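K.L.:
The structure file run-v3.txt (compact mmCIF, C-alpha atoms) is provided below.
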```txt
# COMPACT_ATOMS: atom_id res chain seq x y z
CA TRP T 1 171.33 35.42 66.06
CA ALA T 2 173.31 38.67 66.54
CA VAL T 3 175.80 38.94 63.68
CA GLU T 4 178.52 40.35 65.96
CA LYS T 5 178.80 37.02 67.80
CA LYS T 6 179.03 34.95 64.60
CA ILE T 7 181.24 37.01 62.29
CA LYS T 8 184.34 34.83 62.63
CA THR T 9 182.58 31.46 62.65
CA LEU T 10 179.83 31.66 60.02
CA PRO T 11 179.49 32.81 56.41
CA LEU T 12 178.05 36.29 56.01
CA GLU T 13 175.34 37.11 53.50
CA LEU T 14 175.08 40.60 52.04
CA SER T 15 171.76 41.86 50.70
CA VAL T 16 171.50 45.16 48.84
CA GLU T 17 168.79 47.67 48.03
CA GLY T 18 168.37 51.01 46.34
CA GLU T 19 166.38 53.91 47.74
CA CYS T 20 165.09 56.90 45.78
CA LEU T 21 167.31 56.09 42.80
CA LYS T 22 167.28 58.68 40.04
CA ASN T 23 165.04 57.77 37.15
CA VAL T 24 167.27 57.67 34.06
CA GLU T 25 164.53 56.70 31.60
CA VAL T 26 162.40 59.16 29.61
CA TRP T 27 158.97 57.61 29.12
CA LYS T 28 158.96 55.09 31.96
CA ARG T 29 160.57 54.32 35.30
CA SER T 30 164.01 52.81 35.50
CA SER T 31 164.31 49.01 35.75
CA PRO T 32 167.36 48.84 38.02
CA PHE T 33 169.83 46.08 38.72
CA ALA T 34 173.16 46.29 40.52
CA VAL T 35 176.64 44.87 40.03
CA LEU T 36 178.69 44.12 43.14
CA TYR T 37 182.47 44.43 42.94
CA THR T 38 185.09 43.56 45.56
CA GLY T 39 188.74 44.52 45.58
CA ARG T 40 191.84 45.91 47.20
CA ASP T 41 194.10 48.82 46.32
CA GLY T 42 191.75 50.03 43.60
CA GLN T 43 191.71 46.70 41.76
CA TRP T 44 188.09 45.58 41.37
CA ALA T 45 186.60 42.24 40.35
CA GLU T 46 182.93 41.52 39.76
CA LEU T 47 181.41 39.27 42.42
CA GLY T 48 177.98 39.10 40.84
CA LYS T 49 174.83 40.82 39.61
CA THR T 50 171.42 41.20 41.18
CA ASP T 51 168.09 40.49 39.60
CA VAL T 52 166.28 43.22 37.66
CA ILE T 53 163.39 45.01 39.37
CA GLU T 54 161.05 46.32 36.72
CA ARG T 55 160.05 49.98 36.93
CA SER T 56 161.12 50.86 40.46
CA CYS T 57 163.23 53.56 42.03
CA ASN T 58 163.31 51.65 45.33
CA PRO T 59 164.49 48.16 44.34
CA LYS T 60 164.86 45.38 46.91
CA PHE T 61 166.86 42.65 45.24
CA VAL T 62 166.47 38.91 45.87
CA ALA T 63 170.08 38.17 44.95
CA ALA T 64 172.53 38.11 47.88
CA PHE T 65 176.29 37.67 48.16
CA GLN T 66 178.32 35.59 50.60
CA PHE T 67 181.52 36.61 52.36
CA GLU T 68 183.85 35.31 55.02
CA CYS T 69 185.24 37.62 57.66
CA LYS T 70 187.57 35.55 59.83
CA ASP T 71 190.14 38.23 60.58
CA ASP T 72 190.92 41.94 60.22
CA ALA T 73 192.45 41.39 56.78
CA ASP T 74 189.11 40.13 55.47
CA LYS T 75 187.42 43.25 56.82
CA GLU T 76 189.60 45.49 54.65
CA LEU T 77 188.01 44.12 51.48
CA GLY T 78 186.59 46.90 49.35
CA VAL T 79 182.95 46.68 48.28
CA LYS T 80 181.48 48.69 45.40
CA LEU T 81 177.84 48.61 44.28
CA VAL T 82 177.04 50.00 40.83
CA PHE T 83 173.44 50.60 39.72
CA TYR T 84 172.17 50.46 36.14
CA SER T 85 168.78 50.64 34.46
CA LYS T 86 168.33 47.65 32.17
CA GLY T 87 167.80 48.32 28.51
CA LYS T 88 166.96 45.92 25.70
CA GLU T 89 170.33 44.15 25.86
CA GLU T 90 171.30 41.50 28.40
CA CYS T 91 172.71 42.69 31.72
CA ASP T 92 176.18 41.35 30.87
CA GLN T 93 176.47 44.10 28.26
CA LEU T 94 177.02 46.88 30.77
CA ASP T 95 178.04 49.38 28.10
CA ARG T 96 174.50 49.07 26.68
CA GLN T 97 172.78 49.84 29.99
CA LYS T 98 172.00 53.23 31.49
CA TYR T 99 174.36 54.00 34.35
CA ILE T 100 172.65 55.37 37.48
CA GLY T 101 175.53 55.70 39.94
CA GLU T 102 177.56 53.83 42.54
CA ALA T 103 178.48 53.58 46.21
CA GLU T 104 181.78 52.38 47.62
CA THR T 105 182.68 51.11 51.09
CA THR T 106 184.54 48.29 52.85
CA LEU T 107 183.37 45.07 54.45
CA LYS T 108 184.60 46.52 57.75
CA ASP T 109 182.24 49.50 57.45
CA ILE T 110 179.30 47.18 56.86
CA VAL T 111 180.23 44.79 59.67
CA GLU T 112 180.70 47.63 62.15
CA ALA T 113 177.59 49.59 61.10
CA PRO T 114 174.80 49.62 63.72
CA LYS T 115 172.89 46.34 63.36
CA GLN T 116 174.94 45.72 60.18
CA HIS T 117 172.70 48.16 58.28
CA LEU T 118 174.68 50.69 56.23
CA VAL T 119 173.19 53.39 54.01
CA LEU T 120 175.42 55.35 51.60
CA PRO T 121 174.76 57.90 48.87
CA VAL T 122 174.71 56.68 45.28
CA GLN T 123 176.77 59.13 43.25
CA LYS T 124 177.64 59.96 39.68
CA GLU T 125 180.33 62.57 39.08
CA GLY T 126 179.92 63.86 42.62
CA LYS T 127 176.15 64.28 42.40
CA GLU T 128 173.85 62.23 44.62
CA ARG T 129 171.42 59.98 42.75
CA GLY T 130 169.78 58.07 45.56
CA ARG T 131 170.97 55.77 48.33
CA ALA T 132 172.49 52.30 48.51
CA VAL T 133 171.53 50.02 51.40
CA PHE T 134 173.80 47.21 52.61
CA LEU T 135 172.32 44.57 54.94
CA LEU T 136 174.56 41.91 56.47
CA ASP T 137 173.39 38.64 58.02
CA ALA T 138 175.09 35.55 59.47
CA VAL T 139 174.11 32.25 57.87
CA VAL T 140 174.06 28.80 59.49
CA PRO T 141 174.80 26.39 56.60
CA CYS T 142 172.03 23.82 56.02
CA PRO T 143 173.16 21.90 52.92
CA GLY T 144 170.34 20.08 51.16
CA VAL T 145 167.57 21.53 53.36
CA ASN T 146 164.93 23.46 51.42
CA ALA T 147 161.53 25.03 52.01
CA THR T 148 159.23 24.39 49.07
CA PHE T 149 156.19 26.66 49.00
CA ARG T 150 153.40 25.93 46.54
CA ILE T 151 151.55 29.20 46.97
CA MET T 152 148.09 29.79 45.61
CA SER T 153 145.37 32.32 46.25
CA SER T 154 141.64 31.78 46.00
CA SER T 155 141.02 35.34 47.16
CA PRO T 156 138.19 37.08 45.30
CA ASN T 157 140.31 40.23 45.35
CA ILE T 158 142.64 38.88 42.66
CA ALA T 159 140.20 36.94 40.49
CA THR T 160 140.89 37.85 36.83
CA LYS T 161 143.74 40.14 37.97
CA LYS T 162 147.50 39.82 37.72
CA ALA T 163 149.25 39.01 40.99
CA PHE T 164 152.59 37.89 42.39
CA VAL T 165 154.06 36.94 45.76
CA VAL T 166 157.26 37.88 47.57
CA VAL T 167 158.84 35.78 50.33
CA SER T 168 161.09 37.72 52.72
CA LYS T 169 163.48 36.93 55.55
CA GLY T 170 163.30 38.81 58.84
CA LEU T 171 166.33 40.88 59.80
CA ARG T 172 167.10 43.14 62.74
CA GLN T 173 165.38 46.48 63.41
CA SER T 174 162.14 45.01 62.01
CA ARG T 175 163.63 45.01 58.54
CA TRP T 176 162.96 42.44 55.86
CA THR T 177 164.86 41.39 52.78
CA PRO T 178 163.28 39.45 49.89
CA VAL T 179 164.54 35.93 49.19
CA TYR T 180 162.04 35.00 46.47
CA ARG T 181 159.83 36.84 44.01
CA SER T 182 157.34 34.86 41.95
CA GLU T 183 156.27 35.29 38.38
CA VAL T 184 153.19 37.39 37.65
CA ALA T 185 150.19 35.07 37.30
CA LYS T 186 146.50 35.42 36.48
CA ASP T 187 143.44 33.16 36.66
CA ASP T 188 139.68 33.56 36.67
CA GLU T 189 139.18 31.86 40.06
CA CYS T 190 142.36 30.64 41.78
CA VAL T 191 145.89 31.79 41.02
CA ALA T 192 148.59 29.14 41.48
CA PHE T 193 152.19 30.30 41.38
CA GLU T 194 155.17 28.21 40.36
CA PRO T 195 156.67 26.27 43.30
CA ALA T 196 159.20 28.31 45.27
CA VAL T 197 162.16 26.19 46.37
CA ILE T 198 164.18 28.23 48.86
CA PRO T 199 167.22 26.92 50.77
CA LYS T 200 166.62 27.10 54.51
CA GLU T 201 169.82 29.08 55.00
CA LYS T 202 168.51 31.73 52.59
CA LEU T 203 164.96 31.75 53.95
CA VAL T 204 165.80 32.13 57.65
CA GLY T 205 169.60 32.13 57.87
CA GLY T 206 169.40 28.51 58.99
CA ASP T 207 167.63 29.51 62.23
CA ASP T 208 164.33 27.82 63.16
CA ASP T 209 163.34 30.81 65.31
CA ARG T 210 163.78 33.35 62.52
CA ALA T 211 160.66 34.87 60.98
CA PHE T 212 159.72 34.90 57.33
CA LYS T 213 156.69 36.32 55.57
CA ILE T 214 154.77 35.83 52.34
CA GLU T 215 153.30 38.96 50.76
CA LEU T 216 150.58 39.03 48.11
CA PHE T 217 150.62 41.83 45.53
CA LEU T 218 148.43 42.99 42.68
CA ALA T 219 150.72 43.70 39.74
CA LYS T 220 150.39 47.13 38.17
CA LYS T 221 151.79 47.96 34.74
CA GLY T 222 153.49 51.17 35.83
CA GLY T 223 155.34 49.56 38.72
CA ASN T 224 153.11 50.85 41.54
CA HIS T 225 152.26 47.34 42.70
CA LEU T 226 149.54 47.10 45.33
CA LEU T 227 150.31 45.13 48.50
CA LEU T 228 147.17 43.26 49.58
CA GLY T 229 148.52 41.64 52.73
CA SER T 230 150.95 39.17 54.26
CA VAL T 231 151.35 35.97 56.26
CA GLN T 232 154.14 35.91 58.87
CA THR T 233 155.51 33.04 60.96
CA THR T 234 158.77 31.36 61.98
CA TYR T 235 160.33 28.36 60.28
CA GLY T 236 160.10 26.29 63.46
CA ARG T 237 156.39 26.99 63.88
CA PHE T 238 155.66 26.43 60.21
CA ILE T 239 157.18 22.94 60.04
CA GLY T 240 155.03 21.94 63.05
CA LEU T 241 151.76 22.72 61.28
CA GLN T 242 149.29 20.11 60.08
CA PRO T 243 147.13 20.04 56.93
CA GLY T 244 144.13 22.31 57.43
CA ALA T 245 145.98 24.60 59.83
CA LYS T 246 145.15 28.28 59.53
CA LEU T 247 147.55 31.20 59.69
CA GLN T 248 146.90 34.82 60.52
CA TYR T 249 146.76 37.08 57.50
CA LEU T 250 147.42 40.79 57.85
CA SER T 251 145.30 42.56 55.25
CA VAL T 252 146.25 46.09 54.29
CA GLU T 253 142.58 46.97 53.90
CA ASP T 254 140.85 44.88 56.58
CA GLY T 255 143.53 44.41 59.22
CA LEU T 256 144.16 41.08 60.95
CA VAL T 257 142.24 38.11 59.51
CA PRO T 258 142.82 35.18 61.94
CA GLY T 259 142.35 32.39 59.38
CA GLY T 260 143.16 34.22 56.17
CA ALA T 261 145.67 31.63 54.98
CA VAL T 262 145.27 27.84 55.01
CA ILE T 263 147.86 25.06 54.85
CA GLU T 264 146.29 22.68 52.32
CA THR T 265 149.05 20.06 52.50
CA ILE T 266 152.40 19.89 54.30
CA SER T 267 155.16 17.31 54.66
CA THR T 268 158.47 17.55 56.49
CA SER T 269 161.68 15.51 56.37
CA ASN T 270 165.40 15.87 56.93
CA ASN T 271 165.46 17.61 53.56
CA GLY T 272 163.09 20.37 54.70
CA VAL T 273 159.43 21.13 54.21
CA ASP T 274 157.02 21.03 51.26
CA ALA T 275 153.67 22.81 51.67
CA VAL T 276 150.71 24.11 49.71
CA VAL T 277 149.62 27.48 51.09
CA ASP T 278 146.32 29.05 50.04
CA ILE T 279 146.06 32.77 50.75
CA GLN T 280 142.30 33.25 50.93
CA GLU T 281 142.27 36.70 52.56
CA VAL T 282 139.00 35.81 54.28
CA GLU T 283 138.32 33.56 57.26
```
When written as structure tokens, how does the structure in this file appear?

P.N.:
Amino acid sequence: WAVEKKIKTLPLELSVEGECLKNVEVWKRSSPFAVLYTGRDGQWAELGKTDVIERSCNPKFVAAFQFECKDDADKELGVKLVFYSKGKEECDQLDRQKYIGEAETTLKDIVEAPKQHLVLPVQKEGKERGRAVFLLDAVVPCPGVNATFRIMSSSPNIATKKAFVVVSKGLRQSRWTPVYRSEVAKDDECVAFEPAVIPKEKLVGGDDDRAFKIELFLAKKGGNHLLLGSVQTTYGRFIGLQPGAKLQYLSVEDGLVPGGAVIETISTSNNGVDAVVDIQEVE
């Protein structure tokens, strides 16, 4: 699924991240979001905004942006990523947010970066305030095909504690980019998260052989969320599973747990897959 071979024939999806962003808040960490602009000859237009990542200086955003790059003219499109820390007002009111800094490049620079992974300094008035990460992926359109995950966890490690899950798509160089982040949930015995309905083209770029993973976190008030472990597989393997199938779970504390996650129910059709996944953390 090398992007270089698909640039002129498939839509491109751009994911963005921030690394070591300057904290612009006083009594807490920044809650960053980013605005993506495109343009030519210094004329910029907003393409969209990312989600807000609460209290983090290293945000990995779920939101992604699609481009076409069919010829050299498309490559000359300017791309500017501007970071803010969200205040009390809605994100649309940019003049009420705290400006962190920005990074500017072109689609050509991102396309031609090694493995389509470009890192640039985030700057404000010439001073560096962290780094912006641009990750480009080719997407095979799969209209109407979704993966619905009904994720729960009966793990004793999160009983009575706040938890959330993140679903991520595998990229090159062993990198991952999030495609879904759940709400924070809590229960005395078994936490059940809201169903995650993710288009196949977003989850795995439309490729059955692409990997995805589900990570389980304990939510911490200050933003230092604790990763407990993860389940990793490919879309093609997942849709071939049967109810009762067990998946390997990689625990941060205990290492590999062969049957740490269980497929409670699963159904597949031309419209995708619908499954209940219980992350038990124990075999």

K.L.:
I'd like the neighbourhood of Leu14 (chain T) as a PyMOL selection string, where a residue qualifies if any of its atoms comes within 7 Å (using all atoms listed in the file), though same-chain residues fewer than 5 positions away should be ignored.

P.N.:
chain T and resi 64-66+134-137

K.L.:
Create the file for the chosen residues now, containing C-alpha atoms and written as a compact mmCIF listing (two decimals), in the coordinates of the input.

P.N.:
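Result file part_29.txt:
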```
# COMPACT_ATOMS: atom_id res chain seq x y z
CA ALA T 64 172.53 38.11 47.88
CA PHE T 65 176.29 37.67 48.16
CA GLN T 66 178.32 35.59 50.60
CA PHE T 134 173.80 47.21 52.61
CA LEU T 135 172.32 44.57 54.94
CA LEU T 136 174.56 41.91 56.47
CA ASP T 137 173.39 38.64 58.02
```

K.L.:
List as an NGL selection string the protein and nucleic acid residues near region 141-157 of chain T, meaning an atom at most 8 Å away when all atoms listed in the file are counted, but skip any in the same chain fewer than 5 places from it.

P.N.:
:T and (11 or 189-201 or 203 or 205-206 or 270-282)

K.L.:
Neighbouring residues of Lys221 (chain T) were defined as those with any atom within 9 Å, considering all atoms listed in the file; residues of the same chain fewer than 3 positions away were excluded. Please report them as a list in words.

P.N.:
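After dropping sequence-adjacent residues, the list is Arg55, Asn224 and His225 of chain T.
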
K.L.:
Which is closer to Glu128 (chain T) than all the others in T:Arg96, T:Arg237, T:Lys186, T:Lys22, using only C-alpha atoms?

P.N.:
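Among the listed residues, T:Lys22 lies closest to Glu128 (chain T).
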
K.L.:
Which of these, T:Glu90, T:Glu125, T:Asp208, T:Glu215, has the shortest distance to Gly240 (chain T) once you count all atoms listed in the file?

P.N.:
T:Asp208

K.L.:
Taking only C-alpha atoms into account, which of T:Leu228, T:Ile100, T:Cys57, T:Leu12 comes nearest Gly255 (chain T)?

P.N.:
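For Gly255 (chain T), the nearest of the candidates is T:Leu228.
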
K.L.:
Quick one: pull the distance between CA of Ser85 (chain T) and CA of Glu19 (chain T), Å, one decimal.

P.N.:
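Distance reported for this atom pair: 13.9 Å.
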
K.L.:
With only C-alpha atoms as the counted atoms, please give the residues lying no more than 7 Å from region 25-34 of chain T, apart from itself and same-chain residues fewer than 6 positions off, as JSON, numbers by chain.

P.N.:
{"T": [49, 50, 51, 52, 53, 54, 55, 56, 57, 59, 81, 82, 83, 84, 85, 86]}

K.L.:
When you count all atoms listed in the file, which of these residues is closest to Ser230 (chain T): T:Leu47, T:Leu218, T:Val165, T:Ile266?

P.N.:
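Closest to Ser230 (chain T), using all atoms listed in the file: T:Val165.
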
K.L.:
Rounded to one decimal in Å, what is the spacing between CA of Ile110 (chain T) and CA of Val167 (chain T)?

P.N.:
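Calculated distance between CA of Ile110 (chain T) and CA of Val167 (chain T) is 24.3 Å.
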
K.L.:
Could you check which of T:Leu256, T:Ile263, T:Ala185, T:Ile214 is closest to Lys169 (chain T), using only C-alpha atoms?

P.N.:
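Nearest to Lys169 (chain T): T:Ile214.
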
K.L.:
So that I can check the surroundings of Cys69 (chain T), please list as a VMD selection string every protein, DNA and RNA residue that reaches within 9 Å of it, counting all atoms listed in the file and ignoring chain neighbours fewer than 3 positions away.

P.N.:
chain T and resid 7 to 12 72 to 75 107 to 108 111

K.L.:
Go ahead and save the picked residues with C-alpha atoms, as a short mmCIF file (atom, residue, chain, number, x, y, z; two decimals), in the coordinates of the input.

P.N.:
```cif
data_model
loop_
_atom_site.label_atom_id
_atom_site.label_comp_id
_atom_site.auth_asym_id
_atom_site.auth_seq_id
_atom_site.Cartn_x
_atom_site.Cartn_y
_atom_site.Cartn_z
CA ILE T 7 181.24 37.01 62.29
CA LYS T 8 184.34 34.83 62.63
CA THR T 9 182.58 31.46 62.65
CA LEU T 10 179.83 31.66 60.02
CA PRO T 11 179.49 32.81 56.41
CA LEU T 12 178.05 36.29 56.01
CA ASP T 72 190.92 41.94 60.22
CA ALA T 73 192.45 41.39 56.78
CA ASP T 74 189.11 40.13 55.47
CA LYS T 75 187.42 43.25 56.82
CA LEU T 107 183.37 45.07 54.45
CA LYS T 108 184.60 46.52 57.75
CA VAL T 111 180.23 44.79 59.67
#
```
